[in-house]
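Chemist: So here's structure_31.cif, just mmCIF, C-alpha atoms and all ligand atoms:
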data_data
#
loop_
_atom_site.label_atom_id
_atom_site.label_comp_id
_atom_site.auth_asym_id
_atom_site.auth_seq_id
_atom_site.Cartn_x
_atom_site.Cartn_y
_atom_site.Cartn_z
CA MET A 622 0.00 0.00 0.00
CA ILE A 623 1.47 3.33 -1.05
CA GLN A 624 1.55 5.83 1.77
CA HIS A 625 2.11 9.55 1.81
CA PRO A 626 5.10 10.72 3.89
CA HIS A 627 2.73 12.61 6.23
CA GLN A 628 0.90 9.37 6.92
CA LEU A 629 4.18 7.56 7.57
CA HIS A 630 5.42 10.32 9.88
CA ALA A 631 2.13 10.25 11.82
CA GLN A 632 2.35 6.49 12.19
CA ALA A 633 5.96 6.69 13.37
CA ALA A 634 5.01 9.41 15.87
CA LEU A 635 2.19 7.24 17.20
CA TRP A 636 4.52 4.28 17.78
CA SER A 637 7.14 6.52 19.33
CA LEU A 638 4.65 8.03 21.77
CA ARG A 639 3.30 4.62 22.64
CA ALA A 640 6.80 3.34 23.38
CA ALA A 641 7.57 6.43 25.47
CA LEU A 642 4.36 5.99 27.47
CA ARG A 643 5.09 2.35 28.11
CA HIS A 644 8.48 3.37 29.42
CA LEU A 645 6.82 5.97 31.62
CA ASP A 646 4.34 3.40 32.88
CA GLU A 647 7.04 0.86 33.67
CA HIS A 648 9.40 3.30 35.36
CA ARG A 649 6.83 5.54 36.92
CA ASP A 650 7.80 4.97 40.54
CA ALA A 651 11.51 5.35 39.90
CA LEU A 652 10.97 8.51 37.85
CA LEU A 653 8.83 10.11 40.53
CA ILE A 654 11.41 9.45 43.17
CA ARG A 655 14.33 10.47 40.99
CA ARG A 656 12.64 13.63 39.76
CA PRO A 657 10.94 15.22 42.77
CA GLN A 658 11.92 18.59 41.36
CA LEU A 659 8.48 20.08 41.14
CA GLY A 660 6.63 21.83 43.90
CA PRO A 661 8.18 23.86 46.70
CA ALA A 662 11.39 22.48 48.15
CA GLU A 663 9.93 22.04 51.62
CA ALA A 664 7.18 19.83 50.23
CA ARG A 665 9.51 17.37 48.50
CA PRO A 666 9.72 13.94 50.04
CA ARG A 667 13.00 13.62 51.87
CA SER A 668 12.65 11.08 54.60
CA LEU A 669 12.30 7.36 54.11
CA ALA A 670 8.93 7.58 55.82
CA SER A 671 7.65 10.09 53.30
CA LEU A 672 9.01 8.01 50.42
CA ALA A 673 7.24 4.96 51.83
CA ARG A 674 4.00 6.95 52.13
CA HIS A 675 4.50 8.13 48.59
CA ASP A 676 5.05 4.57 47.45
CA GLU A 677 1.75 3.53 49.01
CA LEU A 678 -0.06 6.30 47.20
CA LEU A 679 1.49 5.24 43.93
CA ARG A 680 0.49 1.65 44.49
CA ALA A 681 -3.10 2.63 45.18
CA GLU A 682 -3.10 4.83 42.12
CA LYS A 683 -1.60 2.09 39.99
CA ALA A 684 -4.36 -0.34 40.98
CA GLU A 685 -6.91 2.30 40.07
CA ARG A 686 -5.27 2.94 36.75
CA ALA A 687 -5.04 -0.75 35.97
CA ALA A 688 -8.81 -0.91 36.12
CA GLY A 689 -9.18 1.56 33.25
CA SER A 690 -8.95 0.55 29.62
CA LEU A 691 -6.68 3.51 28.91
CA ARG A 692 -4.09 2.41 31.38
CA GLY A 693 -1.02 4.54 31.16
CA LEU A 694 -2.98 7.40 29.73
CA LYS A 695 -5.66 8.00 32.30
CA PRO A 696 -5.10 11.32 34.01
CA SER A 697 -3.96 10.51 37.49
CA ALA A 698 -6.54 12.72 39.22
CA GLY A 699 -3.88 14.81 40.91
CA SER A 700 -2.17 12.29 43.14
CA ALA A 701 -2.00 13.39 46.73
CA ALA A 702 1.71 12.67 46.95
CA PRO A 703 3.30 15.57 48.79
CA GLY A 704 4.69 18.18 46.48
CA ASP A 705 6.29 16.08 43.79
CA ALA A 706 3.42 14.56 41.81
CA PRO A 707 1.91 17.58 40.00
CA GLY A 708 4.56 17.44 37.27
CA LEU A 709 3.62 13.95 36.21
CA ALA A 710 -0.08 14.47 36.88
CA ASP A 711 -0.05 17.54 34.60
CA LEU A 712 1.90 15.69 31.94
CA GLU A 713 -0.50 12.76 32.00
CA ARG A 714 -3.50 15.03 31.84
CA ASP A 715 -2.01 16.78 28.79
CA LEU A 716 -1.23 13.45 27.17
CA TYR A 717 -4.71 12.15 27.77
CA GLN A 718 -6.05 15.30 26.13
CA VAL A 719 -3.75 14.81 23.12
CA LEU A 720 -5.03 11.29 22.66
CA VAL A 721 -8.63 12.49 22.97
CA ASP A 722 -7.97 15.31 20.45
CA VAL A 723 -6.29 13.01 17.96
CA HIS A 724 -9.00 10.42 18.35
CA THR A 725 -11.74 13.03 17.94
CA MET A 726 -10.14 14.53 14.81
CA LEU A 727 -9.82 11.13 13.20
CA ALA A 728 -13.22 9.89 14.37
CA TYR A 729 -14.85 12.94 12.78
CA HIS A 730 -12.85 12.52 9.59
CA HIS A 731 -13.86 8.87 9.22
CA HIS A 732 -17.37 9.02 10.69
CA ARG A 733 -19.10 8.43 7.36
CA ASN A 734 -16.95 5.45 6.52
CA ARG A 735 -18.96 2.37 7.48
CA LEU A 736 -15.89 0.24 8.03
CA LEU A 737 -13.58 2.72 9.74
CA ALA A 738 -16.00 4.82 11.81
CA TRP A 739 -15.33 4.54 15.54
CA THR A 740 -18.46 2.63 16.51
CA GLY A 741 -19.47 -0.18 18.81
CA HIS A 742 -18.41 -2.50 16.03
CA TRP A 743 -14.76 -1.63 16.72
CA HIS A 744 -15.17 -2.31 20.42
CA ARG A 745 -16.58 -5.74 19.63
CA VAL A 746 -13.84 -6.58 17.13
CA LEU A 747 -11.04 -5.38 19.40
CA ASP A 748 -12.57 -7.11 22.41
CA ALA A 749 -12.76 -10.32 20.42
CA TRP A 750 -9.05 -10.00 19.69
CA GLY A 751 -8.31 -9.31 23.33
CA ILE A 752 -7.26 -5.73 22.55
CA THR A 753 -8.77 -3.62 25.29
CA ARG A 754 -5.92 -1.68 26.75
CA ASP A 755 -4.78 -0.37 23.37
CA ALA A 756 -8.16 -0.13 21.65
CA ARG A 757 -7.85 3.53 20.69
CA TRP A 758 -4.21 3.19 19.68
CA THR A 759 -5.10 0.24 17.49
CA TRP A 760 -7.92 2.10 15.83
CA ILE A 761 -5.79 5.22 15.26
CA SER A 762 -3.00 3.15 13.77
CA THR A 763 -5.53 1.41 11.49
CA VAL A 764 -7.03 4.61 10.11
CA LEU A 765 -3.85 6.70 9.74
CA PRO A 766 -2.76 5.09 6.45
CA VAL A 767 -6.09 6.11 4.90
CA THR A 768 -6.32 9.56 6.48
CA VAL A 769 -5.87 12.54 4.17
CA PRO A 770 -2.23 13.74 4.31
CA HIS A 771 -2.94 17.22 5.70
CA LEU A 772 -4.86 15.72 8.63
CA ALA A 773 -2.16 13.10 9.16
CA GLU A 774 0.31 15.97 9.38
CA ALA A 775 -1.81 17.71 12.05
CA VAL A 776 -2.00 14.46 13.98
CA ARG A 777 1.74 14.00 13.67
CA LEU A 778 2.43 17.46 15.09
CA LEU A 779 0.28 16.74 18.16
CA LEU A 780 1.81 13.30 18.69
CA ASP A 781 5.38 14.53 18.18
CA ASP A 782 4.90 17.27 20.71
CA ALA A 783 3.48 14.84 23.29
CA ASP A 784 6.25 12.35 22.55
CA GLN A 785 8.93 14.97 23.14
CA GLN A 786 7.33 15.98 26.43
CA VAL A 787 7.25 12.42 27.72
CA ARG A 788 10.79 11.71 26.58
CA ALA A 789 12.08 14.92 28.13
CA TYR A 790 10.39 14.03 31.41
CA ALA A 791 11.64 10.45 31.38
CA GLY A 792 15.11 11.24 30.00
CA LEU A 793 14.45 8.91 27.09
CA ASP A 794 16.10 9.31 23.68
CA ALA A 795 14.24 8.83 20.41
CA ASP A 796 14.07 5.20 19.23
CA LEU A 797 16.49 5.69 16.35
CA LEU A 798 19.17 3.27 15.27
CA ALA A 799 21.97 3.89 12.80
CA PRO A 800 23.52 0.51 12.06
CA PRO A 801 27.15 0.77 10.88
CA LEU A 802 26.34 -0.63 7.46
CA ALA A 803 23.28 1.54 6.82
CA PRO A 804 23.49 3.10 3.37
CA PRO A 805 23.77 6.87 2.92
CA CYS A 806 20.62 8.82 2.20
CA PRO A 807 19.75 8.64 -1.53
CA ALA A 808 18.56 12.25 -1.40
CA CYS A 809 21.38 14.16 0.29
CA ASP A 810 23.95 11.40 -0.28
CA ARG A 811 25.96 12.30 2.80
CA ARG A 812 24.07 11.37 5.97
CA ARG A 813 23.68 7.83 7.16
CA LEU A 814 20.07 6.72 7.34
CA ARG A 815 18.48 5.81 10.65
CA ILE A 816 15.65 3.44 11.39
CA GLN A 817 12.80 4.24 13.76
CA THR A 818 12.39 1.24 16.01
CA SER A 819 9.47 2.19 18.27
CA ALA A 820 7.00 -0.25 16.70
CA PRO A 821 7.11 -3.65 18.39
CA ASP A 822 7.30 -5.42 15.04
CA SER A 823 10.28 -4.64 12.79
CA GLY A 824 7.97 -5.00 9.77
CA ARG A 825 6.58 -1.58 10.74
CA TRP A 826 9.82 0.31 11.16
CA THR A 827 10.37 3.38 9.03
CA VAL A 828 13.63 4.96 7.86
CA VAL A 829 14.50 8.63 8.13
CA CYS A 830 17.33 10.99 7.35
CA ALA A 831 18.01 14.15 9.37
CA ALA A 832 15.09 16.47 10.09
CA ALA A 833 16.60 18.98 7.67
CA CYS A 834 16.63 16.54 4.76
CA MET A 835 13.48 17.52 2.87
CA CYS A 836 12.04 16.20 -0.32
CA ILE A 837 12.27 18.51 -3.32
CA GLY A 838 9.37 16.89 -5.16
CA GLU A 839 9.29 14.89 -8.38
CA ALA A 840 12.92 15.55 -9.32
CA CYS A 841 14.16 14.29 -5.94
CA PRO A 842 16.40 11.21 -6.06
CA CYS A 843 14.99 9.91 -2.75
CA GLY A 844 12.81 7.22 -4.28
CA MET A 845 9.97 7.67 -1.78
CA ASP A 846 6.64 6.32 -3.06
CA VAL A 847 5.10 9.78 -2.84
CA GLN A 848 7.57 12.60 -3.39
CA GLU A 849 6.22 15.80 -1.93
CA ARG A 850 8.18 18.99 -1.82
CA GLY A 851 9.02 20.31 1.63
CA VAL A 852 8.23 17.12 3.58
CA ARG A 853 10.91 15.47 5.67
CA HIS A 854 12.10 12.27 4.03
CA ILE A 855 10.74 9.01 5.37
CA TRP A 856 10.81 5.58 3.77
CA ALA A 857 7.98 3.10 4.29
CA PRO A 858 8.45 -0.19 6.16
CA ASP A 859 8.09 -2.14 2.90
CA SER A 860 10.64 -0.02 1.01
CA GLY A 861 13.91 -1.68 0.00
CA LEU A 862 15.83 0.66 2.32
CA ALA A 863 13.72 -0.13 5.40
CA VAL A 864 13.68 -3.86 4.72
CA SER A 865 17.47 -4.07 4.36
CA ILE A 866 18.28 -1.82 7.32
CA ALA A 867 15.77 -3.64 9.56
CA ALA A 868 17.35 -6.95 8.53
CA GLY A 869 20.78 -5.55 9.40
CA VAL A 870 19.56 -4.41 12.81
CA ARG A 871 18.04 -7.82 13.54
CA THR A 872 21.15 -9.68 12.37
CA MET A 873 23.42 -7.57 14.52
CA GLY A 874 21.06 -7.84 17.49
CA LEU A 875 20.98 -4.07 17.84
CA ALA A 876 17.31 -3.70 18.68
CA ALA A 877 16.10 -4.34 22.20
ZN ZN B 901 19.20 12.91 3.55
ZN ZN B 902 12.70 13.33 -1.84
#
Represent the structure from my file as structure tokens, please.

Modeler:
Amino acid sequence: MIQHPHQLHAQAALWSLRAALRHLDEHRDALLIRRPQLGPAEARPRSLASLARHDELLRAEKAERAAGSLRGLKPSAGSAAPGDAPGLADLERDLYQVLVDVHTMLAYHHHRNRLLAWTGHWHRVLDAWGITRDARWTWISTVLPVTVPHLAEAVRLLLDDADQQVRAYAGLDADLLAPPLAPPCPACDRRRLRIQTSAPDSGRWTVVCAAACMCIGEACPCGMDVQERGVRHIWAPDSGLAVSIAAGVRTMGLAA
């Protein structure tokens, strides 16, 4: 299936944000304790007793969150942890809003499409496949490849912004690998290409050059399926470049 670079970028941003949120979910307790930088100094947990109390609050909150289908994205209702939680609570509330906004934009865009509209049908299908936690993610990732490019671009901007916020908070780099044997970019012919490895399945990884490496349109030597002037280069998972770089990464055991 031929995809527009905006659609590919949006998809990559969705996977990246999902990976960042999973990291946040898994390391939540450690991050909160390591980064008690928000709130007034006197309110930060300092003693072991206050850390233990904090831990209890987190545990209770975690159990609550686990009950929701949007685990990892549910706003954490302003945890009562003394002084240090608002940073994460604010971040999660913003992230939840981003997901709601993206979902709403796409749901509106596809609401007349009998197959893709976000209806009870999707809940039944996803339930049947055991996909409850990631139902909205799954739906968004399904409709992005058939979303008009300008809307995909808007979605990408929102997701990218959220992704950068989470990664900045968690101290997490972008999921980009540059294997030693990766070929140079066919467009600028000087930078080594990198592969975006956020998606759990390497068959969905996309390849990018630097952010400044833009397509110049039809005359561009990049070889992207859709060459659009002014869009950052990205090569689809089924392109020769992505397939060979992903194979190299797997062979060398570079991906986690
Ligand atoms: Zn390039
Ligand atoms: Zn190009």

Chemist: Residues contacting ligand ZN 901 (chain B) - anything with an atom at most 6 Å away, using all atoms listed in the file - can you give me those as a count of residues only?

Modeler: 6

Chemist: Enter the distance from atom CA of A:Gly869 to atom CA of A:Gln848, in Å, rounded to one decimal.

Modeler: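 Calculated distance between atom CA of A:Gly869 and atom CA of A:Gln848 is 25.8 Å.
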
Chemist: Looking at A:Ala749, A:Ala756, A:Ala840, A:Leu797, which one is nearest to ligand ZN 902 (chain B), with distances taken over all atoms listed in the file?

Modeler: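 Closest to ligand ZN 902 (chain B) of all the choices is A:Ala840.
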
Chemist: Find, counting all atoms listed in the file, the residue in A:Ala634, A:Val828, A:Ala791, A:Val852 that gets nearest to ligand ZN 902 (chain B).

Modeler: A:Val852

Chemist: Can you pull out every residue within 12 Å of A:Val767, counting only C-alpha atoms, but drop anything in the same chain fewer than 6 positions away, and send it as a list in words?

Modeler: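 Here the answer would be Met622, Ile623, Gln624, His625, His627, Gln628, Leu629, Ala631, Gln632, Leu727, His730, His731, Asn734, Leu736, Leu737, Trp760, Ile761 and Ala773 of chain A.
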
Chemist: Show me a table, sorted first by chain and then by increasing residue number, of the residues of chain A having an atom at most 7 Å from ligand ZN 902 (chain B), each with its shortest atom pair and the distance in Å to one decimal, counting all atoms listed in the file and written as a Markdown table.

Modeler:
| residue | atom | partner | partner_atom | distance |
| --- | --- | --- | --- | --- |
| A:Ala808 | CA | B:ZN902 | ZN | 6.0 |
| A:Met835 | CA | B:ZN902 | ZN | 6.4 |
| A:Cys836 | CA | B:ZN902 | ZN | 3.3 |
| A:Ile837 | CA | B:ZN902 | ZN | 5.4 |
| A:Gly838 | CA | B:ZN902 | ZN | 5.9 |
| A:Cys841 | CA | B:ZN902 | ZN | 4.5 |
| A:Pro842 | CA | B:ZN902 | ZN | 6.0 |
| A:Cys843 | CA | B:ZN902 | ZN | 4.2 |
| A:Gly844 | CA | B:ZN902 | ZN | 6.6 |
| A:Met845 | CA | B:ZN902 | ZN | 6.3 |
| A:Gln848 | CA | B:ZN902 | ZN | 5.4 |
| A:Glu849 | CA | B:ZN902 | ZN | 6.9 |
| A:His854 | CA | B:ZN902 | ZN | 6.0 |

Chemist: In Å, how far is it from atom CA of A:Arg639 to atom CA of A:Val787?

Modeler: 10.1 Å

Chemist: Neighbours of A:Ile816 within 7 Å (all atoms listed in the file; same-chain residues fewer than 5 positions away dropped), as a CSV table (one decimal) with C-alpha atoms, in the frame of the given file?

Modeler:
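Written file, around34.csv:
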chain,number,residue,atom,x,y,z
A,797,LEU,CA,16.5,5.7,16.4
A,798,LEU,CA,19.2,3.3,15.3
A,799,ALA,CA,22.0,3.9,12.8
A,826,TRP,CA,9.8,0.3,11.2
A,827,THR,CA,10.4,3.4,9.0
A,828,VAL,CA,13.6,5.0,7.9
A,829,VAL,CA,14.5,8.6,8.1

Chemist: Which neighbours of stretch 635-637 of chain A fall inside 7 Å, counting only C-alpha atoms, when residues of the same chain fewer than 6 positions from it are skipped, and could you give them as a PDB file with C-alpha atoms, keeping the file's coordinate frame?

Modeler:
ATOM      1  CA  LEU A 780       1.810  13.300  18.690  1.00  0.00           C
ATOM      2  CA  ASP A 784       6.250  12.350  22.550  1.00  0.00           C
ATOM      3  CA  SER A 819       9.470   2.190  18.270  1.00  0.00           C
ATOM      4  CA  ALA A 820       7.000  -0.250  16.700  1.00  0.00           C
TER       5      ALA A 820
END

Chemist: What does the distance between atom CA of A:Leu778 and atom CA of A:Trp758 come to in Å, to one decimal place?

Modeler: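 Atom-to-atom, atom CA of A:Leu778 to atom CA of A:Trp758, that is 16.4 Å.
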
Chemist: Which residues come within 12 Å of A:Ala867, counting only C-alpha atoms, excluding same-chain residues fewer than 5 positions away, as a PDB file with C-alpha atoms, in the coordinates of the input?

Modeler:
ATOM      1  CA  LEU A 797      16.490   5.690  16.350  1.00  0.00           C
ATOM      2  CA  LEU A 798      19.170   3.270  15.270  1.00  0.00           C
ATOM      3  CA  ALA A 799      21.970   3.890  12.800  1.00  0.00           C
ATOM      4  CA  PRO A 800      23.520   0.510  12.060  1.00  0.00           C
ATOM      5  CA  LEU A 802      26.340  -0.630   7.460  1.00  0.00           C
ATOM      6  CA  ALA A 803      23.280   1.540   6.820  1.00  0.00           C
ATOM      7  CA  PRO A 804      23.490   3.100   3.370  1.00  0.00           C
ATOM      8  CA  LEU A 814      20.070   6.720   7.340  1.00  0.00           C
ATOM      9  CA  ARG A 815      18.480   5.810  10.650  1.00  0.00           C
ATOM     10  CA  ILE A 816      15.650   3.440  11.390  1.00  0.00           C
ATOM     11  CA  GLN A 817      12.800   4.240  13.760  1.00  0.00           C
ATOM     12  CA  THR A 818      12.390   1.240  16.010  1.00  0.00           C
ATOM     13  CA  ALA A 820       7.000  -0.250  16.700  1.00  0.00           C
ATOM     14  CA  ASP A 822       7.300  -5.420  15.040  1.00  0.00           C
ATOM     15  CA  SER A 823      10.280  -4.640  12.790  1.00  0.00           C
ATOM     16  CA  GLY A 824       7.970  -5.000   9.770  1.00  0.00           C
ATOM     17  CA  ARG A 825       6.580  -1.580  10.740  1.00  0.00           C
ATOM     18  CA  TRP A 826       9.820   0.310  11.160  1.00  0.00           C
ATOM     19  CA  THR A 827      10.370   3.380   9.030  1.00  0.00           C
ATOM     20  CA  VAL A 828      13.630   4.960   7.860  1.00  0.00           C
ATOM     21  CA  TRP A 856      10.810   5.580   3.770  1.00  0.00           C
ATOM     22  CA  ALA A 857       7.980   3.100   4.290  1.00  0.00           C
ATOM     23  CA  PRO A 858       8.450  -0.190   6.160  1.00  0.00           C
ATOM     24  CA  ASP A 859       8.090  -2.140   2.900  1.00  0.00           C
ATOM     25  CA  SER A 860      10.640  -0.020   1.010  1.00  0.00           C
ATOM     26  CA  GLY A 861      13.910  -1.680   0.000  1.00  0.00           C
ATOM     27  CA  LEU A 862      15.830   0.660   2.320  1.00  0.00           C
ATOM     28  CA  THR A 872      21.150  -9.680  12.370  1.00  0.00           C
ATOM     29  CA  MET A 873      23.420  -7.570  14.520  1.00  0.00           C
ATOM     30  CA  GLY A 874      21.060  -7.840  17.490  1.00  0.00           C
ATOM     31  CA  LEU A 875      20.980  -4.070  17.840  1.00  0.00           C
ATOM     32  CA  ALA A 876      17.310  -3.700  18.680  1.00  0.00           C
TER      33      ALA A 876
END

Chemist: For a quick check of understanding, using only C-alpha atoms, which of A:Val769, A:His724, A:Trp750, A:Tyr790 has the smallest distance to A:Arg655?

Modeler: A:Tyr790

Chemist: Might you pull out every residue within 9 Å of A:Leu645, with only C-alpha atoms counted and same-chain residues fewer than 2 positions away left off, and present them as a list in words?

Modeler: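 Near A:Leu645, the qualifying residues are Ala640, Ala641, Leu642, Arg643, Glu647, His648, Arg649, Leu652, Gly693, Val787, Arg788, Tyr790 and Ala791 of chain A.
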
Chemist: How would the residues just picked look written out with C-alpha atoms as a PDB file, in the frame of the given file?

Modeler:
ATOM      1  CA  ALA A 640       6.800   3.340  23.380  1.00  0.00           C
ATOM      2  CA  ALA A 641       7.570   6.430  25.470  1.00  0.00           C
ATOM      3  CA  LEU A 642       4.360   5.990  27.470  1.00  0.00           C
ATOM      4  CA  ARG A 643       5.090   2.350  28.110  1.00  0.00           C
ATOM      5  CA  GLU A 647       7.040   0.860  33.670  1.00  0.00           C
ATOM      6  CA  HIS A 648       9.400   3.300  35.360  1.00  0.00           C
ATOM      7  CA  ARG A 649       6.830   5.540  36.920  1.00  0.00           C
ATOM      8  CA  LEU A 652      10.970   8.510  37.850  1.00  0.00           C
ATOM      9  CA  GLY A 693      -1.020   4.540  31.160  1.00  0.00           C
ATOM     10  CA  VAL A 787       7.250  12.420  27.720  1.00  0.00           C
ATOM     11  CA  ARG A 788      10.790  11.710  26.580  1.00  0.00           C
ATOM     12  CA  TYR A 790      10.390  14.030  31.410  1.00  0.00           C
ATOM     13  CA  ALA A 791      11.640  10.450  31.380  1.00  0.00           C
TER      14      ALA A 791
END

Chemist: Measuring atom to atom with only C-alpha atoms, identify which of A:Ala789, A:Val870, A:Val847, A:Val776 is nearest to A:Ala633.

Modeler: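 For A:Ala633, the nearest of the candidates is A:Val776.
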